$ cat input33.txt   # compact mmCIF, C-alpha atoms and all ligand atoms
# COMPACT_ATOMS: atom_id res chain seq x y z
CA MET A 28 109.39 99.40 66.37
CA GLU A 29 108.24 95.78 66.29
CA VAL A 30 110.01 92.78 67.82
CA LEU A 31 109.72 89.33 66.26
CA LEU A 32 110.11 86.16 68.33
CA SER A 33 110.86 83.89 65.42
CA GLY A 34 111.02 80.17 64.69
CA ALA A 35 109.89 78.60 67.98
CA THR A 36 107.20 75.98 68.50
CA ILE A 37 104.42 78.10 70.03
CA LEU A 38 101.96 76.68 72.55
CA THR A 39 99.39 79.44 72.13
CA LEU A 40 96.76 78.29 74.68
CA ASP A 41 94.27 80.26 72.54
CA ALA A 42 90.63 79.18 72.19
CA MET A 43 91.62 76.63 69.51
CA ARG A 44 94.60 75.53 71.63
CA GLN A 45 96.79 75.91 68.53
CA ILE A 46 100.36 74.67 68.57
CA ILE A 47 102.34 76.38 65.80
CA VAL A 48 105.55 74.69 64.68
CA ASP A 49 108.07 77.20 63.24
CA GLY A 50 105.89 80.07 64.40
CA ALA A 51 106.46 83.74 65.07
CA VAL A 52 105.05 86.33 67.46
CA CYS A 53 105.21 90.02 66.63
CA ILE A 54 105.29 92.39 69.63
CA ARG A 55 104.62 96.12 69.51
CA ASN A 56 105.24 97.99 72.76
CA ASP A 57 103.63 95.97 75.56
CA ARG A 58 101.26 93.88 73.44
CA ILE A 59 101.15 90.98 71.01
CA LEU A 60 100.41 92.25 67.53
CA GLU A 61 100.34 89.04 65.56
CA VAL A 62 100.86 85.28 65.94
CA GLY A 63 101.25 82.77 63.10
CA PRO A 64 103.55 80.72 60.91
CA ARG A 65 107.01 82.32 60.75
CA PRO A 66 107.22 82.94 56.98
CA GLU A 67 103.88 84.79 56.98
CA VAL A 68 104.48 86.96 60.04
CA ALA A 69 108.11 87.68 59.07
CA ARG A 70 107.02 88.87 55.61
CA LYS A 71 104.59 91.38 57.12
CA TYR A 72 107.17 92.92 59.47
CA PRO A 73 110.46 93.05 57.52
CA ASP A 74 111.92 95.78 59.74
CA ALA A 75 111.22 94.08 63.07
CA ILE A 76 114.05 93.27 65.48
CA ILE A 77 114.39 89.49 65.24
CA HIS A 78 115.02 87.14 68.16
CA ASP A 79 115.82 83.78 66.61
CA LEU A 80 114.14 81.06 68.65
CA GLN A 81 114.57 78.07 66.32
CA GLY A 82 114.62 74.86 68.33
CA LYS A 83 112.94 76.54 71.32
CA VAL A 84 109.41 76.39 72.73
CA LEU A 85 107.43 79.57 73.40
CA ILE A 86 104.66 79.47 76.02
CA PRO A 87 102.42 82.08 77.65
CA GLY A 88 104.12 83.38 80.79
CA LEU A 89 103.20 81.12 83.71
CA ILE A 90 100.88 82.44 86.43
CA ASN A 91 101.40 81.59 90.08
CA THR A 92 98.05 82.14 91.80
CA HIS A 93 99.24 81.90 95.42
CA THR A 94 102.31 82.68 97.44
CA HIS A 95 103.49 84.61 100.50
CA LEU A 96 106.67 86.32 99.30
CA PHE A 97 108.09 87.14 102.74
CA GLN A 98 108.31 83.38 103.35
CA CYS A 99 111.24 83.28 100.93
CA LEU A 100 113.20 84.20 104.07
CA LEU A 101 111.94 81.04 105.82
CA LYS A 102 113.05 78.39 103.33
CA GLY A 103 113.75 75.20 105.21
CA ARG A 104 112.91 76.63 108.62
CA GLY A 105 109.76 74.53 108.87
CA ASP A 106 111.25 71.29 107.53
CA ASP A 107 110.26 68.10 109.34
CA ARG A 108 107.94 69.94 111.76
CA SER A 109 104.39 69.22 112.82
CA ARG A 110 101.78 71.49 111.32
CA SER A 111 101.36 73.38 114.61
CA ASP A 112 105.13 73.86 115.11
CA TRP A 113 105.39 75.05 111.51
CA GLY A 114 102.54 77.51 112.10
CA ALA A 115 104.21 78.88 115.22
CA ILE A 116 107.51 79.48 113.36
CA VAL A 117 105.80 81.26 110.48
CA ARG A 118 103.63 83.40 112.78
CA SER A 119 106.61 84.42 114.95
CA SER A 120 108.45 85.40 111.78
CA ALA A 121 105.49 87.30 110.32
CA THR A 122 105.13 89.38 113.47
CA ALA A 123 108.85 90.26 113.52
CA LEU A 124 109.09 91.38 109.88
CA SER A 125 110.61 94.76 109.07
CA PRO A 126 109.81 96.50 105.78
CA GLU A 127 113.42 95.79 104.71
CA ASP A 128 112.88 92.07 105.34
CA VAL A 129 109.69 92.07 103.29
CA LEU A 130 111.45 93.82 100.42
CA ALA A 131 114.41 91.41 100.51
CA GLY A 132 112.14 88.35 100.60
CA ALA A 133 109.86 89.70 97.89
CA MET A 134 112.74 90.64 95.58
CA HIS A 135 114.14 87.14 95.99
CA GLY A 136 110.77 85.53 95.28
CA CYS A 137 110.17 87.71 92.22
CA VAL A 138 113.57 86.80 90.74
CA GLU A 139 113.03 83.11 91.50
CA SER A 140 109.59 83.28 89.89
CA ILE A 141 110.79 84.97 86.72
CA LYS A 142 113.60 82.41 86.36
CA SER A 143 110.97 79.65 86.33
CA GLY A 144 108.92 81.34 83.62
CA VAL A 145 106.39 83.06 85.86
CA THR A 146 105.23 86.42 84.52
CA THR A 147 102.26 87.02 86.85
CA LEU A 148 102.39 86.36 90.59
CA VAL A 149 99.67 86.63 93.22
CA ASP A 150 100.99 87.45 96.68
CA PHE A 151 98.90 86.94 99.80
CA SER A 152 100.64 89.54 101.96
CA TYR A 153 99.89 89.08 105.64
CA GLY A 154 102.74 90.65 107.61
CA ASN A 155 100.23 93.24 108.78
CA PRO A 156 98.92 95.07 110.79
CA ARG A 157 102.13 97.05 110.32
CA GLU A 158 100.96 98.86 107.22
CA GLU A 159 104.45 99.30 105.84
CA THR A 160 104.77 95.56 105.13
CA THR A 161 102.52 95.52 102.03
CA GLU A 162 104.13 98.22 99.92
CA PRO A 163 107.58 96.57 99.65
CA VAL A 164 105.88 93.67 97.85
CA VAL A 165 104.43 96.07 95.29
CA GLN A 166 107.87 97.70 94.96
CA ALA A 167 109.60 94.34 94.41
CA MET A 168 107.23 93.48 91.57
CA GLU A 169 107.67 96.91 90.06
CA LYS A 170 111.48 96.77 90.29
CA THR A 171 111.92 93.25 88.93
CA GLY A 172 109.43 93.78 86.10
CA LEU A 173 106.94 91.13 87.21
CA ARG A 174 103.18 91.48 86.76
CA GLY A 175 101.32 90.90 89.97
CA ILE A 176 98.40 91.13 92.31
CA VAL A 177 99.24 91.91 95.94
CA GLY A 178 96.54 90.83 98.37
CA ARG A 179 96.48 93.09 101.43
CA GLY A 180 96.05 90.46 104.14
CA TYR A 181 94.23 90.82 107.44
CA VAL A 182 93.42 88.95 110.63
CA THR A 183 90.76 90.42 112.92
CA VAL A 184 90.42 87.66 115.53
CA PRO A 185 93.31 85.97 117.37
CA ILE A 186 94.36 82.84 115.50
CA ASP A 187 95.33 79.67 117.36
CA GLY A 188 95.14 81.71 120.57
CA GLY A 189 98.95 82.03 120.75
CA GLY A 190 100.73 85.12 122.09
CA ASP A 191 102.37 85.89 118.74
CA SER A 192 99.09 85.79 116.91
CA LEU A 193 97.73 88.74 118.92
CA SER A 194 100.16 91.12 117.26
CA LEU A 195 98.80 90.16 113.83
CA VAL A 196 95.27 91.17 114.83
CA GLU A 197 93.96 94.54 113.67
CA SER A 198 90.59 96.23 113.60
CA SER A 199 88.34 95.75 110.63
CA ASP A 200 88.16 99.50 110.03
CA ASP A 201 91.94 99.90 110.00
CA ALA A 202 92.52 96.93 107.70
CA LEU A 203 89.87 97.84 105.15
CA ALA A 204 90.74 101.56 105.19
CA HIS A 205 94.41 100.76 104.54
CA ALA A 206 93.52 98.23 101.83
CA ASP A 207 91.26 100.78 100.16
CA SER A 208 93.97 103.45 100.24
CA LEU A 209 96.42 101.06 98.55
CA ILE A 210 93.81 100.09 95.93
CA LYS A 211 93.18 103.76 95.13
CA ARG A 212 96.90 104.44 94.92
CA PHE A 213 98.06 101.47 92.83
CA ASN A 214 95.12 100.17 90.76
CA GLY A 215 95.28 102.69 87.95
CA LEU A 216 94.18 101.86 84.44
CA ASP A 217 96.60 99.32 82.93
CA ALA A 218 98.62 99.05 86.19
CA ARG A 219 101.03 96.12 86.01
CA VAL A 220 100.90 95.62 89.78
CA GLN A 221 97.54 95.80 91.49
CA VAL A 222 96.28 95.48 95.04
CA ALA A 223 93.47 93.15 96.13
CA LEU A 224 91.78 92.03 99.35
CA ALA A 225 93.09 89.07 101.37
CA PRO A 226 91.04 88.13 104.45
CA SER A 227 93.21 85.36 105.93
CA MET A 228 90.64 82.63 106.50
CA LEU A 229 87.23 82.16 108.12
CA TRP A 230 88.66 81.47 111.58
CA GLY A 231 90.95 84.52 111.40
CA VAL A 232 88.39 87.13 110.32
CA ASP A 233 85.05 88.06 111.93
CA GLU A 234 81.77 87.88 110.03
CA VAL A 235 81.21 91.64 109.82
CA THR A 236 84.63 92.16 108.24
CA LEU A 237 83.96 89.42 105.70
CA ALA A 238 80.65 91.03 104.74
CA GLU A 239 82.40 94.41 104.43
CA THR A 240 85.12 92.80 102.35
CA ARG A 241 82.47 91.79 99.83
CA GLY A 242 81.16 95.35 99.70
CA LEU A 243 84.60 96.89 99.18
CA ALA A 244 85.61 94.32 96.53
CA THR A 245 82.44 94.99 94.55
CA ARG A 246 82.84 98.78 94.83
CA ARG A 247 86.47 98.74 93.71
CA GLY A 248 86.32 95.79 91.30
CA VAL A 249 89.15 93.88 92.99
CA LEU A 250 89.85 90.22 93.66
CA ILE A 251 89.16 88.63 97.06
CA MET A 252 91.60 85.86 97.98
CA ILE A 253 90.96 83.71 101.05
CA HIS A 254 92.29 80.38 102.36
CA VAL A 255 89.42 77.86 102.31
CA SER A 256 89.29 74.37 103.82
CA GLU A 257 93.04 73.84 103.65
CA THR A 258 93.05 71.54 106.66
CA ALA A 259 90.54 69.37 108.48
CA PHE A 260 90.77 71.94 111.31
CA ASP A 261 89.39 74.67 109.02
CA VAL A 262 86.24 72.63 108.39
CA GLU A 263 85.90 71.47 112.01
CA SER A 264 86.28 74.96 113.45
CA ALA A 265 83.46 76.23 111.18
CA LEU A 266 81.26 73.32 112.26
CA ALA A 267 81.99 74.06 115.94
CA ARG A 268 81.41 77.83 115.61
CA PHE A 269 78.57 78.02 113.09
CA HIS A 270 77.24 74.44 112.88
CA LYS A 271 77.83 74.73 109.15
CA ARG A 272 80.59 73.79 106.75
CA GLU A 273 83.08 76.55 105.99
CA VAL A 274 81.91 77.09 102.41
CA VAL A 275 78.28 77.32 103.58
CA VAL A 276 79.25 80.01 106.11
CA LEU A 277 81.08 82.01 103.44
CA GLU A 278 77.98 81.72 101.23
CA SER A 279 75.67 82.90 104.02
CA LEU A 280 77.92 85.92 104.65
CA GLY A 281 77.51 86.91 101.01
CA LEU A 282 81.23 86.67 100.30
CA LEU A 283 81.17 84.23 97.39
CA GLY A 284 81.26 85.40 93.78
CA PRO A 285 83.23 85.09 90.52
CA ASP A 286 85.85 87.48 91.92
CA VAL A 287 86.74 85.15 94.81
CA LEU A 288 89.89 83.04 94.69
CA ALA A 289 89.47 80.20 97.21
CA VAL A 290 92.95 79.00 98.10
CA HIS A 291 93.60 75.27 98.71
CA CYS A 292 90.06 73.75 99.02
CA VAL A 293 91.72 70.47 100.09
CA HIS A 294 88.83 69.42 102.33
CA CYS A 295 85.93 70.56 100.16
CA SER A 296 83.04 68.09 99.95
CA ALA A 297 80.86 67.39 96.91
CA SER A 298 78.28 69.87 98.25
CA ASP A 299 81.00 72.51 98.81
CA ILE A 300 82.12 72.07 95.20
CA GLU A 301 78.52 72.48 94.07
CA ILE A 302 78.22 75.79 96.00
CA LEU A 303 81.56 77.13 94.73
CA LYS A 304 80.50 76.25 91.18
CA THR A 305 77.14 78.01 91.62
CA TYR A 306 78.91 81.27 92.51
CA ASP A 307 81.67 80.75 89.90
CA VAL A 308 84.29 80.93 92.66
CA LYS A 309 87.81 80.13 91.43
CA VAL A 310 90.24 77.73 93.11
CA SER A 311 93.98 78.09 93.71
CA HIS A 312 95.57 74.62 93.85
CA ASN A 313 98.88 74.34 95.72
CA PRO A 314 99.80 70.65 95.65
CA SER A 315 103.45 70.95 96.76
CA SER A 316 102.47 72.91 99.86
CA ASN A 317 99.57 70.56 100.64
CA LEU A 318 102.04 67.66 100.64
CA TYR A 319 104.74 69.54 102.59
CA LEU A 320 102.27 70.37 105.38
CA GLY A 321 100.41 67.07 105.20
CA ALA A 322 97.17 68.98 104.56
CA GLY A 323 95.87 66.39 102.11
CA ILE A 324 95.08 66.13 98.41
CA ALA A 325 92.55 68.60 97.00
CA PRO A 326 89.69 67.05 94.99
CA ILE A 327 90.86 68.76 91.81
CA PRO A 328 89.52 66.08 89.43
CA ALA A 329 86.03 66.77 90.88
CA PHE A 330 86.48 70.55 90.54
CA VAL A 331 87.64 70.18 86.93
CA ARG A 332 84.80 67.78 86.07
CA ASN A 333 82.39 70.39 87.44
CA ASP A 334 83.96 73.11 85.30
CA VAL A 335 85.26 75.08 88.27
CA THR A 336 88.26 77.17 87.18
CA VAL A 337 91.46 76.01 88.89
CA GLY A 338 94.78 77.89 88.83
CA LEU A 339 98.07 76.53 90.16
CA GLY A 340 100.13 78.03 92.94
CA THR A 341 103.34 77.29 94.79
CA ASP A 342 102.21 78.74 98.14
CA GLY A 343 104.92 80.40 100.24
CA ALA A 344 108.48 79.12 100.25
CA ALA A 345 108.06 78.12 103.91
CA SER A 346 105.89 75.23 102.73
CA ASN A 347 107.36 74.24 99.38
CA ASN A 348 110.43 75.20 99.58
CA ASN A 349 110.72 77.06 96.32
CA LEU A 350 108.67 79.27 94.02
CA ASN A 351 109.57 77.31 90.89
CA LEU A 352 106.18 76.76 89.26
CA ILE A 353 107.62 74.26 86.77
CA GLN A 354 108.28 71.87 89.64
CA THR A 355 104.68 72.33 90.76
CA LEU A 356 103.46 71.38 87.24
CA ARG A 357 104.90 67.91 87.71
CA VAL A 358 103.52 67.52 91.24
CA ALA A 359 100.07 68.65 90.04
CA ALA A 360 100.13 66.07 87.25
CA LEU A 361 101.17 63.24 89.59
CA ILE A 362 99.31 63.94 92.82
CA HIS A 363 95.81 63.05 91.58
CA ARG A 364 96.67 59.66 90.15
CA LEU A 365 94.99 57.76 92.98
CA ASP A 366 91.71 59.11 91.60
CA PRO A 367 90.76 56.70 88.77
CA LEU A 368 89.26 59.59 86.78
CA SER A 369 92.46 61.62 86.92
CA PRO A 370 94.08 60.38 83.64
CA SER A 371 91.14 61.73 81.65
CA VAL A 372 90.55 64.89 83.73
CA VAL A 373 93.83 66.24 85.13
CA THR A 374 95.74 65.60 81.92
CA ARG A 375 99.14 67.10 81.14
CA TYR A 376 97.40 69.66 78.94
CA LYS A 377 94.93 70.56 81.72
CA VAL A 378 97.89 71.10 84.08
CA LEU A 379 99.41 73.49 81.53
CA GLU A 380 96.08 75.32 81.35
CA MET A 381 95.98 75.55 85.14
CA ALA A 382 99.32 77.42 85.01
CA THR A 383 98.34 79.71 82.11
CA ILE A 384 94.87 80.50 80.74
CA ASP A 385 92.88 78.93 83.60
CA ALA A 386 95.08 80.71 86.15
CA ALA A 387 94.49 83.98 84.29
CA ARG A 388 90.73 83.39 84.52
CA ALA A 389 91.10 82.51 88.20
CA ILE A 390 92.48 85.97 88.96
CA GLY A 391 90.32 87.92 86.52
CA LEU A 392 93.11 88.70 84.05
CA ASP A 393 92.23 86.33 81.18
CA HIS A 394 91.43 89.29 78.92
CA GLU A 395 95.06 90.41 79.28
CA VAL A 396 97.31 87.37 79.87
CA GLY A 397 97.34 83.56 79.93
CA SER A 398 97.61 82.89 76.20
CA ILE A 399 99.61 84.02 73.18
CA GLU A 400 97.03 85.92 71.15
CA PRO A 401 96.92 89.25 69.29
CA GLY A 402 95.85 92.06 71.61
CA LYS A 403 97.04 90.45 74.82
CA LYS A 404 99.98 91.61 76.91
CA ALA A 405 103.31 90.32 75.62
CA ASP A 406 104.03 88.03 78.58
CA MET A 407 105.85 84.91 77.38
CA ALA A 408 108.55 82.42 78.34
CA VAL A 409 111.10 80.79 76.03
CA LEU A 410 111.99 77.21 76.96
CA ASP A 411 114.90 75.06 75.91
CA LEU A 412 113.56 71.52 76.08
CA SER A 413 116.50 69.96 74.22
CA GLY A 414 118.45 68.97 77.36
CA VAL A 415 119.08 65.50 78.69
CA SER A 416 116.15 65.44 81.15
CA THR A 417 113.56 66.47 78.55
CA MET A 418 114.88 64.41 75.60
CA PRO A 419 113.92 62.18 73.82
CA SER A 420 110.62 64.02 73.66
CA GLU A 421 107.10 62.84 73.01
CA GLY A 422 106.16 66.50 72.53
CA PRO A 423 106.68 69.85 74.25
CA VAL A 424 103.69 69.56 76.62
CA SER A 425 104.80 66.17 77.94
CA SER A 426 108.40 67.37 78.27
CA LEU A 427 107.35 70.53 80.10
CA ILE A 428 104.90 68.92 82.53
CA TYR A 429 106.56 65.60 83.33
CA SER A 430 110.28 65.89 82.55
CA SER A 431 111.32 69.49 83.19
CA LEU A 432 113.35 70.24 86.30
CA GLY A 433 112.71 73.97 86.39
CA HIS A 434 115.85 75.35 84.77
CA GLU A 435 114.56 75.06 81.19
CA VAL A 436 113.40 78.68 81.06
CA GLU A 437 115.88 80.60 78.95
CA SER A 438 114.19 83.96 78.46
CA VAL A 439 111.10 85.77 79.73
CA TRP A 440 109.16 88.66 78.24
CA ILE A 441 106.81 90.70 80.42
CA ASP A 442 104.81 93.67 79.16
CA GLY A 443 106.79 93.49 75.91
CA LYS A 444 110.13 93.78 77.71
CA LEU A 445 112.90 91.19 77.81
CA ILE A 446 113.20 90.68 81.58
CA LEU A 447 115.16 87.40 81.59
CA ASP A 448 117.73 87.09 78.79
CA GLN A 449 119.54 83.75 78.40
CA HIS A 450 118.98 82.92 82.10
CA GLU A 451 120.08 86.40 83.21
CA ILE A 452 117.78 88.87 84.94
CA ARG A 453 118.13 92.28 83.32
CA THR A 454 116.21 94.41 85.81
CA VAL A 455 118.12 93.74 89.05
CA SER A 456 121.34 92.11 90.22
CA GLU A 457 120.52 88.48 91.02
CA SER A 458 123.59 88.04 93.24
CA GLU A 459 122.68 91.15 95.28
CA VAL A 460 119.10 89.92 95.65
CA ILE A 461 120.28 86.54 96.97
CA HIS A 462 122.77 88.24 99.28
CA ASP A 463 120.17 90.64 100.73
CA ALA A 464 117.64 87.84 101.26
CA SER A 465 120.23 85.67 103.01
CA ILE A 466 121.14 88.51 105.41
CA SER A 467 117.47 89.28 106.09
CA ALA A 468 116.70 85.58 106.64
CA LEU A 469 119.40 85.42 109.30
CA ASN A 470 118.39 88.68 110.98
CA LEU A 471 114.71 87.76 110.97
CA GLY A 472 115.54 84.35 112.39
CA ARG A 473 117.51 85.95 115.25
CA ARG A 474 114.83 88.56 116.00
CA SER A 475 111.98 86.06 115.95
CA GLY A 476 113.92 83.33 117.78
CA THR A 477 113.18 80.80 115.04
CA LEU A 478 116.71 79.86 113.98
CA LEU A 479 117.32 76.13 114.27
ZN ZN A 501 98.63 80.67 101.79
$ encode --input "input33.txt" --output "structure tokens" --more "lines below"
Ligand SMILES: [Zn+2]
Amino acid sequence: MEVLLSGATILTLDAMRQIIVDGAVCIRNDRILEVGPRPEVARKYPDAIIHDLQGKVLIPGLINTHTHLFQCLLKGRGDDRSRSDWGAIVRSSATALSPEDVLAGAMHGCVESIKSGVTTLVDFSYGNPREETTEPVVQAMEKTGLRGIVGRGYVTVPIDGGGDSLSLVESSDDALAHADSLIKRFNGLDARVQVALAPSMLWGVDEVTLAETRGLATRRGVLIMIHVSETAFDVESALARFHKREVVVLESLGLLGPDVLAVHCVHCSASDIEILKTYDVKVSHNPSSNLYLGAGIAPIPAFVRNDVTVGLGTDGAASNNNLNLIQTLRVAALIHRLDPLSPSVVTRYKVLEMATIDAARAIGLDHEVGSIEPGKKADMAVLDLSGVSTMPSEGPVSSLIYSSLGHEVESVWIDGKLILDQHEIRTVSESEVIHDASISALNLGRRSGTLL
């Protein structure tokens, strides 16, 4: 049986970047069968179940390329702190996580994501070395109906030298063996939730492990996500240890490639950008987090001008403090305005691409998601842009990027299923999810000694 999403203005994000007024999308099972003008598509599928979307805007499901779901339990706990105090709070919390906490935080983050139109989420899961802290993230995505990539995080050298950080350290063999076992278990053909590799950052992982990470990623065909040059410290520590810039070290270790998602890249130089471009490395841009932590402003106009693929991310809720990607669209459009080239490079349309088709390319899923095209997965969000904050409207892209507040998402389809229906999550109980996360946040705060 086919389903027809009928009558909306469709921002397809296809190769022609077509916008179809009074359009229709026909879904069969988990995939998009046809996209076009409503009268044409409706005539071909007279028996389809019709969802009338007249007056609405249909977009590809948004893609959040970077978060740490357990940090949903830490919302607000790092407010008004120095970067080092913030780091200490998050590390103490990460080391005290129970599997139940991870599940509660991840469920909350998945629901929050879906309600802001996100259909694919990339989690950088680093509550290890307790192995049982990765699987609840996979479970949360599976339960809520979200599509996702869960990066199995690891730290193999003590970070910051603090006492807490020692308990995050694990051996290279243990980390990679566990990651590999998860990849074998979850990355089946057509799996909606997949596992990838997440070495924390250059100063948290030894060189041998990074080289082995490359080998494992190539063997298994999985994404490598790693924090790169987020802060000035990241660059300085590489210079002190290796007498080279961080990106140059990663290149010399053989890590770089088109399957690498470099997260942040705030302090990348022109030569770093050149190297990342040479290896077709992708960038995850997290402007809200970079502002929250005072990390700086990533040179995104330069990346875009050099044709480096950039996807947007919220980062964890401990440095945002939400996972609402629509709010990040606005920040991403505004933050680069001090760069005189920004108005012609980081345009509102480019920002939309960074949350859809470019983000899909950034995580290696552009053959499946990121645009509304026949053959792709039926992952879409229905927006109501007729409210007071988005009207009068110059057009749906302007309204979405600059005027939306984040509550405009009315319905969400993932894998051909209606997951959010008129603002209501159909897969889980939203009130229970909020309740469980609130209890876990309190318990984790008590156990880790991080309550204010
Ligand atoms: Zn991060």
$ residues_near_ligand --input "input33.txt" --ligand "ligand ZN 501 (chain A)" --cutoff "7 Å" --atoms "all atoms listed in the file" --output "ChimeraX atom specification"
/A:93-95,151,254,290,342-343
$ residues_near_point --input "input33.txt" --point "(89.3, 81.0, 95.9)" --cutoff "9 Å" --atoms "all atoms listed in the file" --output "JSON list (two decimals) with C-alpha atoms, keeping the file's coordinate frame"
[["chain", "number", "residue", "atom", "x", "y", "z"],
["A", 251, "ILE", "CA", 89.16, 88.63, 97.06],
["A", 252, "MET", "CA", 91.60, 85.86, 97.98],
["A", 253, "ILE", "CA", 90.96, 83.71, 101.05],
["A", 254, "HIS", "CA", 92.29, 80.38, 102.36],
["A", 255, "VAL", "CA", 89.42, 77.86, 102.31],
["A", 283, "LEU", "CA", 81.17, 84.23, 97.39],
["A", 286, "ASP", "CA", 85.85, 87.48, 91.92],
["A", 287, "VAL", "CA", 86.74, 85.15, 94.81],
["A", 288, "LEU", "CA", 89.89, 83.04, 94.69],
["A", 289, "ALA", "CA", 89.47, 80.20, 97.21],
["A", 290, "VAL", "CA", 92.95, 79.00, 98.10],
["A", 291, "HIS", "CA", 93.60, 75.27, 98.71],
["A", 292, "CYS", "CA", 90.06, 73.75, 99.02],
["A", 303, "LEU", "CA", 81.56, 77.13, 94.73],
["A", 308, "VAL", "CA", 84.29, 80.93, 92.66],
["A", 309, "LYS", "CA", 87.81, 80.13, 91.43],
["A", 310, "VAL", "CA", 90.24, 77.73, 93.11],
["A", 311, "SER", "CA", 93.98, 78.09, 93.71],
["A", 337, "VAL", "CA", 91.46, 76.01, 88.89],
["A", 389, "ALA", "CA", 91.10, 82.51, 88.20]]
$ closest_residue --input "input33.txt" --among "A:Ala325, A:Met228, A:Ala223, A:Val460" --to "Thr183 (chain A)" --atoms "only C-alpha atoms"
A:Met228
$ closest_residue --input "input33.txt" --among "A:Leu32, A:Leu203, A:Leu100, A:Leu410" --to "Ala345 (chain A)" --atoms "all atoms listed in the file"
A:Leu100
$ residues_around --input "input33.txt" --residues "Gly397 (chain A)" --least-positions-apart "2" --cutoff "7 Å" --atoms "only C-alpha atoms" --output "ChimeraX atom specification"
/A:87-88,383-384,387,393
$ atom_distance --input "input33.txt" --atom1 "CA of Tyr376 (chain A)" --atom2 "CA of Gly422 (chain A)"
11.3 Å
